[in-house]
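Structure data (compact mmCIF, C-alpha atoms) from upload-v2.txt:
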```txt
# COMPACT_ATOMS: atom_id res chain seq x y z
CA MET A 11 0.00 0.00 0.00
CA PRO A 12 1.43 3.41 -0.89
CA LYS A 13 2.23 5.78 1.90
CA ILE A 14 -0.68 8.14 2.40
CA VAL A 15 0.34 11.72 3.10
CA ASP A 16 -2.24 14.15 4.37
CA HIS A 17 -0.93 17.37 2.86
CA ASP A 18 -3.29 19.64 4.77
CA ALA A 19 -2.27 18.11 8.09
CA ARG A 20 1.39 18.45 7.16
CA ARG A 21 0.91 22.08 6.18
CA ALA A 22 -0.82 22.77 9.51
CA GLU A 23 2.04 21.07 11.34
CA LEU A 24 4.51 23.22 9.42
CA ALA A 25 2.53 26.37 10.13
CA GLU A 26 2.76 25.66 13.84
CA ALA A 27 6.50 24.98 13.71
CA MET A 28 7.04 28.09 11.61
CA TRP A 29 5.07 30.25 13.99
CA ARG A 30 6.94 28.92 17.02
CA VAL A 31 10.21 30.05 15.36
CA VAL A 32 8.77 33.43 14.33
CA TYR A 33 7.25 34.06 17.77
CA ARG A 34 10.41 33.08 19.65
CA ASP A 35 13.15 34.50 17.42
CA GLY A 36 11.52 36.93 14.98
CA VAL A 37 10.63 36.51 11.35
CA GLY A 38 14.25 37.05 10.27
CA ALA A 39 15.09 33.72 11.92
CA ALA A 40 12.41 31.82 9.98
CA THR A 41 14.41 30.06 7.31
CA VAL A 42 13.78 26.72 5.66
CA ARG A 43 16.57 25.30 7.83
CA SER A 44 15.34 26.60 11.20
CA ILE A 45 11.71 25.65 10.55
CA ALA A 46 12.74 22.18 9.41
CA ALA A 47 14.72 21.77 12.64
CA GLU A 48 11.75 22.97 14.71
CA ALA A 49 9.35 20.60 12.95
CA GLY A 50 11.78 17.68 13.05
CA TRP A 51 11.82 17.45 9.25
CA SER A 52 14.70 17.42 6.82
CA PRO A 53 15.29 20.73 5.02
CA SER A 54 14.71 18.98 1.70
CA ALA A 55 11.29 17.70 2.84
CA LEU A 56 10.39 21.24 3.80
CA ARG A 57 11.59 22.61 0.46
CA HIS A 58 8.92 20.43 -1.12
CA TYR A 59 6.43 22.84 0.48
CA PHE A 60 8.40 26.09 0.26
CA ALA A 61 11.03 26.50 -2.41
CA THR A 62 11.80 30.14 -1.62
CA GLN A 63 11.79 32.62 1.28
CA THR A 64 8.89 34.45 -0.40
CA GLU A 65 6.76 31.27 -0.46
CA LEU A 66 7.46 30.92 3.23
CA LEU A 67 6.36 34.53 3.88
CA VAL A 68 3.23 34.05 1.78
CA PHE A 69 2.40 31.00 3.90
CA ALA A 70 3.17 32.89 7.13
CA MET A 71 0.84 35.70 6.05
CA GLU A 72 -1.96 33.16 5.60
CA HIS A 73 -1.47 32.25 9.26
CA VAL A 74 -1.46 35.96 10.26
CA MET A 75 -4.78 36.52 8.48
CA ALA A 76 -6.34 33.43 10.04
CA LYS A 77 -5.27 34.58 13.53
CA ALA A 78 -6.66 38.08 13.01
CA THR A 79 -9.98 36.65 11.77
CA GLU A 80 -10.10 34.36 14.83
CA ARG A 81 -9.62 37.34 17.13
CA PHE A 82 -12.31 39.33 15.33
CA THR A 83 -14.77 36.49 15.82
CA ALA A 84 -13.83 35.98 19.46
CA GLU A 85 -13.85 39.70 20.32
CA ARG A 86 -16.62 40.29 22.86
CA ARG A 87 -16.02 43.88 23.91
CA THR A 88 -19.14 45.45 25.36
CA GLY A 89 -19.95 49.11 25.80
CA THR A 90 -20.64 51.86 23.32
CA VAL A 91 -20.33 51.43 19.55
CA ARG A 92 -17.18 53.52 19.91
CA ASP A 93 -15.65 50.99 22.35
CA VAL A 94 -16.57 48.01 20.19
CA VAL A 95 -15.06 49.63 17.08
CA GLN A 96 -11.89 50.58 18.95
CA GLY A 97 -11.58 47.00 20.21
CA MET A 98 -12.02 45.56 16.73
CA LEU A 99 -9.36 47.81 15.18
CA GLU A 100 -6.91 47.21 18.03
CA GLU A 101 -6.77 43.58 16.92
CA LEU A 102 -4.93 44.87 13.84
CA LEU A 103 -2.31 46.95 15.66
CA PRO A 104 0.99 45.52 17.00
CA LEU A 105 -0.01 45.85 20.66
CA ASP A 106 1.52 42.62 21.96
CA ARG A 107 4.19 40.16 20.91
CA GLN A 108 1.86 38.03 18.78
CA ARG A 109 0.69 41.06 16.81
CA VAL A 110 4.22 42.49 16.56
CA ARG A 111 5.32 39.23 14.94
CA GLU A 112 2.32 39.35 12.62
CA ALA A 113 3.21 42.91 11.64
CA GLU A 114 6.82 41.85 10.93
CA VAL A 115 5.57 39.25 8.47
CA TRP A 116 3.28 41.84 6.89
CA LEU A 117 6.12 44.37 6.42
CA LEU A 118 8.53 41.85 4.89
CA LEU A 119 5.85 40.65 2.52
CA ALA A 120 4.92 44.25 1.62
CA ALA A 121 8.54 44.92 0.66
CA ARG A 122 8.44 41.98 -1.76
CA ALA A 123 5.01 42.68 -3.19
CA ARG A 124 6.08 45.04 -5.96
CA ALA A 125 8.54 42.58 -7.44
CA ASP A 126 6.81 39.26 -6.76
CA PRO A 127 3.27 38.40 -7.99
CA ALA A 128 2.65 35.71 -5.32
CA ALA A 129 3.61 38.15 -2.57
CA ARG A 130 1.44 40.83 -4.16
CA LYS A 131 -1.59 38.53 -4.34
CA ARG A 132 -1.40 37.60 -0.65
CA MET A 133 -0.73 41.24 0.34
CA THR A 134 -3.81 42.34 -1.59
CA GLU A 135 -5.94 39.80 0.28
CA ALA A 136 -4.53 41.00 3.59
CA ASP A 137 -5.03 44.66 2.66
CA ASP A 138 -8.61 43.96 1.63
CA GLY A 139 -9.23 42.49 5.08
CA VAL A 140 -7.94 45.61 6.86
CA ARG A 141 -9.83 47.79 4.42
CA ARG A 142 -13.08 45.94 5.24
CA ALA A 143 -12.45 46.42 8.96
CA ALA A 144 -12.00 50.16 8.31
CA GLU A 145 -15.26 50.21 6.30
CA ILE A 146 -17.18 48.48 9.10
CA ALA A 147 -15.65 50.88 11.62
CA VAL A 148 -16.65 54.02 9.70
CA ALA A 149 -20.14 52.62 8.96
CA GLN A 150 -20.68 51.82 12.64
CA LEU A 151 -19.37 55.14 13.89
CA THR A 152 -21.39 57.27 11.49
CA GLY A 153 -24.49 55.08 11.26
CA GLU A 154 -24.28 55.23 7.47
CA ARG A 155 -24.70 52.12 5.36
CA SER A 156 -22.24 53.20 2.70
CA PRO A 157 -19.46 54.83 4.63
CA ASP A 158 -17.56 57.82 3.27
CA GLU A 159 -14.77 56.50 1.02
CA ALA A 160 -12.27 59.15 2.09
CA ALA A 161 -12.82 58.42 5.79
CA VAL A 162 -12.27 54.71 5.13
CA ALA A 163 -9.09 55.27 3.10
CA ARG A 164 -7.68 57.61 5.75
CA LEU A 165 -8.44 55.21 8.61
CA HIS A 166 -6.83 52.38 6.63
CA ALA A 167 -3.72 54.51 5.98
CA LEU A 168 -3.57 55.51 9.65
CA LEU A 169 -3.71 51.88 10.82
CA ASP A 170 -0.89 50.82 8.50
CA GLY A 171 1.16 53.95 9.20
CA LEU A 172 0.92 53.39 12.96
CA THR A 173 1.83 49.72 12.50
CA LEU A 174 4.91 50.66 10.50
CA HIS A 175 6.03 53.31 13.00
CA ALA A 176 5.52 50.98 15.95
CA LEU A 177 7.69 48.34 14.25
CA LEU A 178 10.45 50.84 13.47
CA HIS A 179 10.34 52.80 16.74
CA PRO A 180 8.72 50.72 19.47
CA ASP A 181 10.13 53.12 22.07
CA ARG A 182 8.32 56.11 20.56
CA LEU A 183 5.03 54.34 19.99
CA PRO A 184 4.25 52.06 22.94
CA PRO A 185 0.87 50.26 22.99
CA ASN A 186 -0.97 52.91 25.03
CA ARG A 187 0.17 55.68 22.72
CA MET A 188 -1.10 53.71 19.70
CA ARG A 189 -4.47 53.18 21.41
CA GLU A 190 -4.74 56.91 22.19
CA LEU A 191 -3.89 57.96 18.64
CA LEU A 192 -6.47 55.54 17.24
CA ALA A 193 -9.06 56.83 19.74
CA THR A 194 -8.38 60.46 18.73
CA HIS A 195 -8.80 59.55 15.08
CA LEU A 196 -12.08 57.68 15.73
CA ASP A 197 -13.40 60.67 17.69
CA GLN A 198 -12.95 62.81 14.60
CA ILE A 199 -14.86 60.32 12.44
CA VAL A 200 -17.81 60.43 14.84
CA MET B 5 53.50 59.63 -7.13
CA PRO B 6 50.66 57.63 -5.63
CA LYS B 7 47.33 57.66 -7.40
CA ILE B 8 45.02 60.18 -5.79
CA VAL B 9 41.42 59.03 -5.44
CA ASP B 10 38.77 61.52 -4.49
CA HIS B 11 36.37 59.32 -2.53
CA ASP B 12 33.58 61.89 -2.32
CA ALA B 13 33.64 62.42 -6.07
CA ARG B 14 33.60 58.67 -6.66
CA ARG B 15 30.67 58.25 -4.25
CA ALA B 16 28.77 61.01 -6.08
CA GLU B 17 29.50 59.31 -9.40
CA LEU B 18 28.22 56.04 -7.97
CA ALA B 19 25.10 57.68 -6.55
CA GLU B 20 24.27 58.97 -10.03
CA ALA B 21 24.83 55.58 -11.66
CA MET B 22 22.80 53.87 -8.94
CA TRP B 23 19.93 56.28 -9.32
CA ARG B 24 19.87 55.89 -13.10
CA VAL B 25 19.43 52.13 -12.61
CA VAL B 26 16.78 52.57 -9.89
CA TYR B 27 14.88 55.17 -11.91
CA ARG B 28 14.93 53.13 -15.11
CA ASP B 29 14.45 49.58 -13.82
CA GLY B 30 13.25 49.82 -10.21
CA VAL B 31 15.12 49.32 -6.98
CA GLY B 32 14.97 45.54 -7.34
CA ALA B 33 17.31 45.84 -10.30
CA ALA B 34 19.89 47.82 -8.35
CA THR B 35 22.54 45.23 -7.59
CA VAL B 36 26.28 45.64 -7.22
CA ARG B 37 26.63 44.09 -10.68
CA SER B 38 24.11 46.33 -12.50
CA ILE B 39 25.35 49.53 -10.88
CA ALA B 40 28.95 48.63 -11.65
CA ALA B 41 27.97 48.10 -15.30
CA GLU B 42 26.12 51.43 -15.37
CA ALA B 43 29.07 53.29 -13.84
CA GLY B 44 31.62 51.48 -16.01
CA TRP B 45 33.37 50.06 -12.94
CA SER B 46 34.30 46.52 -12.07
CA PRO B 47 31.96 44.84 -9.57
CA SER B 48 34.91 44.37 -7.21
CA ALA B 49 35.72 48.09 -7.27
CA LEU B 50 32.12 48.82 -6.38
CA ARG B 51 32.18 46.26 -3.57
CA HIS B 52 34.90 48.40 -2.01
CA TYR B 53 32.11 50.96 -1.42
CA PHE B 54 29.18 48.62 -0.78
CA ALA B 55 29.80 45.14 0.54
CA THR B 56 26.12 44.24 0.95
CA GLN B 57 22.69 45.00 -0.53
CA THR B 58 21.76 46.77 2.72
CA GLU B 59 24.75 49.13 2.43
CA LEU B 60 23.57 49.93 -1.06
CA LEU B 61 20.04 50.69 0.20
CA VAL B 62 21.42 52.83 3.03
CA PHE B 63 23.36 54.80 0.44
CA ALA B 64 20.32 55.05 -1.84
CA MET B 65 18.24 56.38 1.05
CA GLU B 66 20.82 59.12 1.60
CA HIS B 67 20.16 60.19 -2.00
CA VAL B 68 16.37 60.05 -1.43
CA MET B 69 16.67 62.33 1.61
CA ALA B 70 18.91 64.77 -0.24
CA LYS B 71 16.43 64.95 -3.13
CA ALA B 72 13.46 65.55 -0.81
CA THR B 73 15.36 68.31 1.00
CA GLU B 74 16.23 69.90 -2.36
CA ARG B 75 12.55 69.90 -3.35
CA PHE B 76 11.53 71.41 -0.01
CA THR B 77 14.02 74.23 -0.50
CA ALA B 78 12.99 74.82 -4.11
CA GLU B 79 9.24 74.67 -3.41
CA ARG B 80 7.76 78.09 -4.19
CA ARG B 81 4.05 77.45 -3.93
CA THR B 82 2.08 80.61 -3.27
CA GLY B 83 -1.45 80.98 -1.98
CA THR B 84 -2.95 80.30 1.42
CA VAL B 85 -1.06 78.66 4.28
CA ARG B 86 -3.20 75.61 3.50
CA ASP B 87 -1.91 75.50 -0.10
CA VAL B 88 1.72 75.93 0.95
CA VAL B 89 1.44 73.16 3.54
CA GLN B 90 -0.25 70.84 1.05
CA GLY B 91 2.52 71.52 -1.48
CA MET B 92 5.25 70.82 1.06
CA LEU B 93 3.74 67.49 2.14
CA GLU B 94 3.09 66.40 -1.45
CA GLU B 95 6.86 66.37 -1.96
CA LEU B 96 6.86 63.34 0.35
CA LEU B 97 4.16 61.34 -1.43
CA PRO B 98 4.84 59.02 -4.41
CA LEU B 99 3.10 61.27 -6.94
CA ASP B 100 5.49 60.80 -9.88
CA ARG B 101 8.10 58.29 -11.00
CA GLN B 102 10.96 59.94 -9.10
CA ARG B 103 9.02 59.84 -5.83
CA VAL B 104 7.70 56.31 -6.49
CA ARG B 105 11.32 55.14 -6.82
CA GLU B 106 12.22 57.01 -3.63
CA ALA B 107 9.33 55.32 -1.83
CA GLU B 108 10.48 51.91 -3.08
CA VAL B 109 13.89 52.48 -1.53
CA TRP B 110 12.21 53.62 1.70
CA LEU B 111 10.01 50.49 1.91
CA LEU B 112 12.87 48.06 1.26
CA LEU B 113 15.00 49.79 3.86
CA ALA B 114 12.09 49.79 6.34
CA ALA B 115 11.76 46.03 5.95
CA ARG B 116 15.44 45.62 6.89
CA ALA B 117 15.45 48.12 9.73
CA ARG B 118 14.37 45.77 12.51
CA ALA B 119 17.15 43.29 11.83
CA ASP B 120 19.97 45.60 10.69
CA PRO B 121 21.35 48.48 12.82
CA ALA B 122 22.75 50.42 9.81
CA ALA B 123 19.37 50.25 8.05
CA ARG B 124 17.62 51.28 11.27
CA LYS B 125 19.89 54.29 11.76
CA ARG B 126 19.25 55.65 8.26
CA MET B 127 15.50 54.91 8.54
CA THR B 128 15.34 56.84 11.80
CA GLU B 129 16.98 59.84 10.14
CA ALA B 130 14.50 59.63 7.26
CA ASP B 131 11.54 59.24 9.63
CA ASP B 132 12.71 62.22 11.67
CA GLY B 133 12.68 64.28 8.48
CA VAL B 134 9.07 63.35 7.66
CA ARG B 135 8.09 63.87 11.28
CA ARG B 136 9.56 67.39 11.20
CA ALA B 137 7.60 68.15 8.03
CA ALA B 138 4.42 66.97 9.81
CA GLU B 139 5.27 69.19 12.81
CA ILE B 140 5.79 72.24 10.60
CA ALA B 141 2.53 71.46 8.78
CA VAL B 142 0.45 71.22 11.98
CA ALA B 143 2.11 74.32 13.47
CA GLN B 144 1.39 76.33 10.32
CA LEU B 145 -2.19 75.12 10.01
CA THR B 146 -3.13 75.75 13.63
CA GLY B 147 -0.93 78.81 14.22
CA GLU B 148 0.43 77.19 17.37
CA ARG B 149 4.15 77.20 18.12
CA SER B 150 4.17 73.78 19.77
CA PRO B 151 1.83 71.73 17.65
CA ASP B 152 -0.42 69.07 19.15
CA GLU B 153 1.62 65.86 19.40
CA ALA B 154 -1.30 63.59 18.49
CA ALA B 155 -2.11 65.60 15.36
CA VAL B 156 1.55 65.38 14.29
CA ALA B 157 1.76 61.62 14.91
CA ARG B 158 -1.49 61.01 13.02
CA LEU B 159 -0.42 63.11 10.03
CA HIS B 160 2.93 61.29 9.97
CA ALA B 161 1.17 57.91 10.06
CA LEU B 162 -1.23 59.02 7.33
CA LEU B 163 1.63 60.10 5.03
CA ASP B 164 3.46 56.79 5.43
CA GLY B 165 0.25 54.74 5.21
CA LEU B 166 -0.73 56.45 1.95
CA THR B 167 2.79 55.96 0.58
CA LEU B 168 2.64 52.26 1.37
CA HIS B 169 -0.81 51.81 -0.16
CA ALA B 170 0.15 53.71 -3.31
CA LEU B 171 3.18 51.45 -3.75
CA LEU B 172 1.13 48.29 -3.27
CA HIS B 173 -1.97 49.35 -5.21
CA PRO B 174 -1.12 52.16 -7.63
CA ASP B 175 -4.41 51.52 -9.45
CA ARG B 176 -6.46 52.18 -6.33
CA LEU B 177 -4.55 55.23 -5.20
CA PRO B 178 -3.63 57.37 -8.22
CA PRO B 179 -1.91 60.73 -7.57
CA ASN B 180 -5.10 62.81 -7.54
CA ARG B 181 -6.75 60.53 -5.01
CA MET B 182 -3.70 60.82 -2.72
CA ARG B 183 -3.81 64.62 -3.01
CA GLU B 184 -7.53 64.64 -2.14
CA LEU B 185 -7.08 62.38 0.88
CA LEU B 186 -4.24 64.54 2.18
CA ALA B 187 -6.36 67.66 1.62
CA THR B 188 -9.29 66.16 3.56
CA HIS B 189 -6.98 65.30 6.43
CA LEU B 190 -5.44 68.79 6.50
CA ASP B 191 -8.95 70.34 6.54
CA GLN B 192 -9.67 68.44 9.74
CA ILE B 193 -6.46 69.72 11.36
CA VAL B 194 -7.45 73.31 10.60
```
Using structure tokens, write down the structure that the file contains.
Amino acid sequence: MPKIVDHDARRAELAEAMWRVVYRDGVGAATVRSIAAEAGWSPSALRHYFATQTELLVFAMEHVMAKATERFTAERRTGTVRDVVQGMLEELLPLDRQRVREAEVWLLLAARARADPAARKRMTEADDGVRRAAEIAVAQLTGERSPDEAAVARLHALLDGLTLHALLHPDRLPPNRMRELLATHLDQIV
Amino acid sequence: MPKIVDHDARRAELAEAMWRVVYRDGVGAATVRSIAAEAGWSPSALRHYFATQTELLVFAMEHVMAKATERFTAERRTGTVRDVVQGMLEELLPLDRQRVREAEVWLLLAARARADPAARKRMTEADDGVRRAAEIAVAQLTGERSPDEAAVARLHALLDGLTLHALLHPDRLPPNRMRELLATHLDQIV
């Protein structure tokens, strides 16, 4: 009987090993070699799944998007519409180690997106997700079904700009400062 | 008599060759090999100046900052304070090919900044420049000497968020749309 390989299960196993490396040592440490070691695979077995560093980042971004969606679904913040919207958008900001690691993956993939179609495709999916969150936020805050396009685009730009600045200068933009800046921006949308 | 080499002149010559490659073919094409060919040097002579791709990007970013400063100084927009501020900040957005190429360098360097101290140092200098422009903008718009910190941080995040989105989705964020979004944001600061 031929050996039966469950590719989805193997991919899930790899995703977990990859994320343990990223979480512990940063995305720069996530190479085919280090992930293979973490998973207990041979590097050549892993290269069957990921031939290049970009394929690895594309896969990592899939995990990032799944985690963010999970948090959105689990989010049970009560209070005013304003509080609920703030809570939803905070899931997208690098406010703890998990989300800092997610943002690192996002930035590395963004830097490859102009030159690499696979990176661009995954980045576009991720961007669309953040964009939808910004749309929901503006719709909720203003009570309008079709939210103002400019307000959505500005909120989206603010979220990604803050994420970038927090990655580059964590000392200047600690979590509470990011929360305050988001809150000030949401106040102006209301 | 020993051969006299003017290192500053050679660096300037290299900067021009590098920028011709970046401008024509994109920053991804700017390798030690392609820049050496453009400058008419041997790759090994060029490696005397830049041993790694990051050193090359750090050097390219120096050029980007010099060009932005030149444009700031040359900017002679007349009209209201609002118009002058808008004109100044537009120099920092990827509104034409020159500034798109500059933004590409910025994004690639940003992606390396967390792992590489030399990249981080140059990125911090560049960020400080944009931050100062945002400070001047808010001070001018509100007429206050010490501008509101939150307004400055939000404008800075907006500028970098728009830059990132325009690089990733030029079809969704053409130059006029970027100008409009910046204008809407400046209106709210006033």
As a compact mmCIF listing (two decimals) with C-alpha atoms, in the frame of the given file, please: chain A after a least-squares superposition onto chain B using all C-alpha atoms matched in order.
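The resulting part14.txt:
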```txt
# COMPACT_ATOMS: atom_id res chain seq x y z
CA MET A 11 53.36 59.83 -7.07
CA PRO A 12 50.56 57.71 -5.61
CA LYS A 13 47.25 57.70 -7.36
CA ILE A 14 44.97 60.23 -5.71
CA VAL A 15 41.38 59.06 -5.35
CA ASP A 16 38.72 61.56 -4.46
CA HIS A 17 36.34 59.34 -2.51
CA ASP A 18 33.56 61.91 -2.29
CA ALA A 19 33.60 62.45 -6.05
CA ARG A 20 33.56 58.70 -6.62
CA ARG A 21 30.65 58.26 -4.23
CA ALA A 22 28.72 61.01 -6.05
CA GLU A 23 29.47 59.32 -9.37
CA LEU A 24 28.20 56.03 -7.95
CA ALA A 25 25.09 57.67 -6.55
CA GLU A 26 24.24 58.97 -10.01
CA ALA A 27 24.81 55.59 -11.66
CA MET A 28 22.80 53.87 -8.95
CA TRP A 29 19.92 56.27 -9.33
CA ARG A 30 19.87 55.89 -13.11
CA VAL A 31 19.41 52.11 -12.61
CA VAL A 32 16.77 52.57 -9.90
CA TYR A 33 14.85 55.17 -11.91
CA ARG A 34 14.91 53.13 -15.12
CA ASP A 35 14.43 49.58 -13.83
CA GLY A 36 13.23 49.81 -10.22
CA VAL A 37 15.10 49.31 -6.99
CA GLY A 38 14.94 45.51 -7.34
CA ALA A 39 17.30 45.83 -10.32
CA ALA A 40 19.90 47.82 -8.34
CA THR A 41 22.53 45.22 -7.58
CA VAL A 42 26.26 45.64 -7.22
CA ARG A 43 26.62 44.10 -10.69
CA SER A 44 24.10 46.32 -12.51
CA ILE A 45 25.33 49.53 -10.87
CA ALA A 46 28.94 48.64 -11.64
CA ALA A 47 27.96 48.11 -15.29
CA GLU A 48 26.11 51.44 -15.37
CA ALA A 49 29.05 53.30 -13.83
CA GLY A 50 31.62 51.52 -16.00
CA TRP A 51 33.36 50.08 -12.93
CA SER A 52 34.28 46.53 -12.07
CA PRO A 53 31.96 44.85 -9.56
CA SER A 54 34.91 44.37 -7.22
CA ALA A 55 35.72 48.11 -7.28
CA LEU A 56 32.12 48.80 -6.38
CA ARG A 57 32.18 46.25 -3.56
CA HIS A 58 34.88 48.40 -1.99
CA TYR A 59 32.10 50.95 -1.41
CA PHE A 60 29.16 48.61 -0.79
CA ALA A 61 29.78 45.13 0.53
CA THR A 62 26.12 44.22 0.94
CA GLN A 63 22.68 44.98 -0.54
CA THR A 64 21.76 46.75 2.72
CA GLU A 65 24.75 49.12 2.43
CA LEU A 66 23.57 49.92 -1.06
CA LEU A 67 20.03 50.67 0.20
CA VAL A 68 21.40 52.81 3.03
CA PHE A 69 23.36 54.79 0.44
CA ALA A 70 20.31 55.05 -1.84
CA MET A 71 18.24 56.38 1.06
CA GLU A 72 20.82 59.12 1.60
CA HIS A 73 20.17 60.19 -2.00
CA VAL A 74 16.37 60.04 -1.43
CA MET A 75 16.66 62.33 1.60
CA ALA A 76 18.90 64.77 -0.24
CA LYS A 77 16.42 64.95 -3.15
CA ALA A 78 13.46 65.54 -0.83
CA THR A 79 15.36 68.31 1.00
CA GLU A 80 16.23 69.90 -2.37
CA ARG A 81 12.56 69.91 -3.36
CA PHE A 82 11.54 71.42 -0.02
CA THR A 83 14.00 74.25 -0.51
CA ALA A 84 12.98 74.84 -4.12
CA GLU A 85 9.23 74.66 -3.42
CA ARG A 86 7.75 78.08 -4.20
CA ARG A 87 4.02 77.42 -3.96
CA THR A 88 2.09 80.61 -3.32
CA GLY A 89 -1.42 81.01 -1.98
CA THR A 90 -2.92 80.32 1.41
CA VAL A 91 -1.02 78.67 4.26
CA ARG A 92 -3.16 75.63 3.49
CA ASP A 93 -1.87 75.50 -0.12
CA VAL A 94 1.75 75.94 0.92
CA VAL A 95 1.48 73.16 3.52
CA GLN A 96 -0.23 70.83 1.05
CA GLY A 97 2.53 71.53 -1.48
CA MET A 98 5.26 70.81 1.05
CA LEU A 99 3.76 67.48 2.13
CA GLU A 100 3.09 66.40 -1.46
CA GLU A 101 6.86 66.36 -1.97
CA LEU A 102 6.87 63.33 0.35
CA LEU A 103 4.16 61.33 -1.43
CA PRO A 104 4.84 59.01 -4.42
CA LEU A 105 3.09 61.27 -6.94
CA ASP A 106 5.49 60.81 -9.87
CA ARG A 107 8.09 58.31 -10.99
CA GLN A 108 10.96 59.93 -9.09
CA ARG A 109 9.01 59.84 -5.83
CA VAL A 110 7.70 56.31 -6.50
CA ARG A 111 11.31 55.15 -6.82
CA GLU A 112 12.21 57.00 -3.64
CA ALA A 113 9.33 55.32 -1.83
CA GLU A 114 10.49 51.89 -3.09
CA VAL A 115 13.89 52.47 -1.52
CA TRP A 116 12.21 53.61 1.70
CA LEU A 117 10.01 50.48 1.90
CA LEU A 118 12.87 48.04 1.26
CA LEU A 119 14.99 49.77 3.86
CA ALA A 120 12.08 49.78 6.34
CA ALA A 121 11.76 46.01 5.94
CA ARG A 122 15.43 45.59 6.89
CA ALA A 123 15.45 48.09 9.72
CA ARG A 124 14.38 45.74 12.50
CA ALA A 125 17.16 43.27 11.81
CA ASP A 126 19.97 45.57 10.68
CA PRO A 127 21.35 48.47 12.81
CA ALA A 128 22.75 50.42 9.81
CA ALA A 129 19.39 50.24 8.06
CA ARG A 130 17.63 51.25 11.27
CA LYS A 131 19.89 54.28 11.77
CA ARG A 132 19.25 55.63 8.26
CA MET A 133 15.51 54.88 8.54
CA THR A 134 15.36 56.82 11.81
CA GLU A 135 16.99 59.83 10.14
CA ALA A 136 14.52 59.62 7.27
CA ASP A 137 11.56 59.22 9.63
CA ASP A 138 12.71 62.20 11.67
CA GLY A 139 12.68 64.28 8.48
CA VAL A 140 9.08 63.34 7.66
CA ARG A 141 8.12 63.84 11.28
CA ARG A 142 9.57 67.38 11.20
CA ALA A 143 7.61 68.15 8.03
CA ALA A 144 4.44 66.97 9.81
CA GLU A 145 5.29 69.19 12.81
CA ILE A 146 5.80 72.24 10.59
CA ALA A 147 2.55 71.46 8.79
CA VAL A 148 0.47 71.21 11.98
CA ALA A 149 2.15 74.32 13.47
CA GLN A 150 1.41 76.32 10.31
CA LEU A 151 -2.16 75.13 10.00
CA THR A 152 -3.09 75.77 13.62
CA GLY A 153 -0.91 78.83 14.23
CA GLU A 154 0.47 77.18 17.36
CA ARG A 155 4.17 77.20 18.11
CA SER A 156 4.19 73.80 19.75
CA PRO A 157 1.85 71.75 17.64
CA ASP A 158 -0.39 69.08 19.14
CA GLU A 159 1.64 65.86 19.40
CA ALA A 160 -1.28 63.61 18.50
CA ALA A 161 -2.08 65.62 15.36
CA VAL A 162 1.56 65.38 14.29
CA ALA A 163 1.78 61.62 14.91
CA ARG A 164 -1.46 61.01 13.02
CA LEU A 165 -0.40 63.12 10.03
CA HIS A 166 2.95 61.29 9.97
CA ALA A 167 1.17 57.90 10.06
CA LEU A 168 -1.22 59.02 7.32
CA LEU A 169 1.63 60.09 5.03
CA ASP A 170 3.46 56.78 5.43
CA GLY A 171 0.26 54.73 5.20
CA LEU A 172 -0.73 56.45 1.95
CA THR A 173 2.79 55.96 0.58
CA LEU A 174 2.65 52.25 1.37
CA HIS A 175 -0.81 51.80 -0.16
CA ALA A 176 0.15 53.71 -3.30
CA LEU A 177 3.19 51.45 -3.75
CA LEU A 178 1.14 48.28 -3.27
CA HIS A 179 -1.97 49.34 -5.21
CA PRO A 180 -1.12 52.15 -7.62
CA ASP A 181 -4.40 51.51 -9.45
CA ARG A 182 -6.48 52.18 -6.33
CA LEU A 183 -4.54 55.22 -5.20
CA PRO A 184 -3.62 57.37 -8.21
CA PRO A 185 -1.90 60.73 -7.57
CA ASN A 186 -5.10 62.82 -7.53
CA ARG A 187 -6.73 60.51 -5.02
CA MET A 188 -3.68 60.81 -2.73
CA ARG A 189 -3.79 64.61 -3.00
CA GLU A 190 -7.51 64.63 -2.13
CA LEU A 191 -7.07 62.37 0.88
CA LEU A 192 -4.22 64.54 2.17
CA ALA A 193 -6.34 67.67 1.62
CA THR A 194 -9.27 66.16 3.56
CA HIS A 195 -6.96 65.29 6.43
CA LEU A 196 -5.42 68.80 6.50
CA ASP A 197 -8.91 70.33 6.52
CA GLN A 198 -9.64 68.46 9.73
CA ILE A 199 -6.44 69.73 11.35
CA VAL A 200 -7.43 73.33 10.58
```
**Request:** Mind checking which residues fall within 9 Å of Ala21 (chain B), counting only C-alpha atoms, ignoring those fewer than 2 positions away in the same chain, and posting them as a list in words?
**Result:** Ala16, Glu17, Leu18, Ala19, Trp23, Arg24, Val25, Val26, Ile39, Ala40, Ala41, Glu42 and Ala43 of chain B
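Considering the residues B:Arg149, B:His67, B:Arg116, B:Arg101 and counting all atoms listed in the file, chain A has its shortest atom-to-atom contact with B:Arg116.
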**Asked** Smallest atom-to-atom distance to chain B: which of A:Gly38, A:Gly139, A:Gly97, A:Gly171, using only C-alpha atoms?
**Response**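 Closest to chain B, using only C-alpha atoms: A:Gly171.
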**Message:** With distances taken over all atoms listed in the file, which residue among A:Thr83, A:Thr152, A:Thr134, A:Gln198 lies nearest Leu172 (chain B)?
**Reply:** A:Thr134
Using all atoms listed in the file, determine which residues lie at most 8 Å from Gln90 (chain B), disregarding the query and same-chain residues fewer than 5 positions distant; provide the list as a tab-separated table (two decimals) with C-alpha atoms, in the frame of the given file.
```
chain	number	residue	atom	x	y	z
B	186	LEU	CA	-4.24	64.54	2.18
B	187	ALA	CA	-6.36	67.66	1.62
B	190	LEU	CA	-5.44	68.79	6.50
```
**Prompt:** Which residues of chain A are close to chain B, meaning at most 6 Å apart when you count only C-alpha atoms, and how do they look as a ChimeraX atom specification?
**Reply:** /A:117-118,121,167-168,170-172
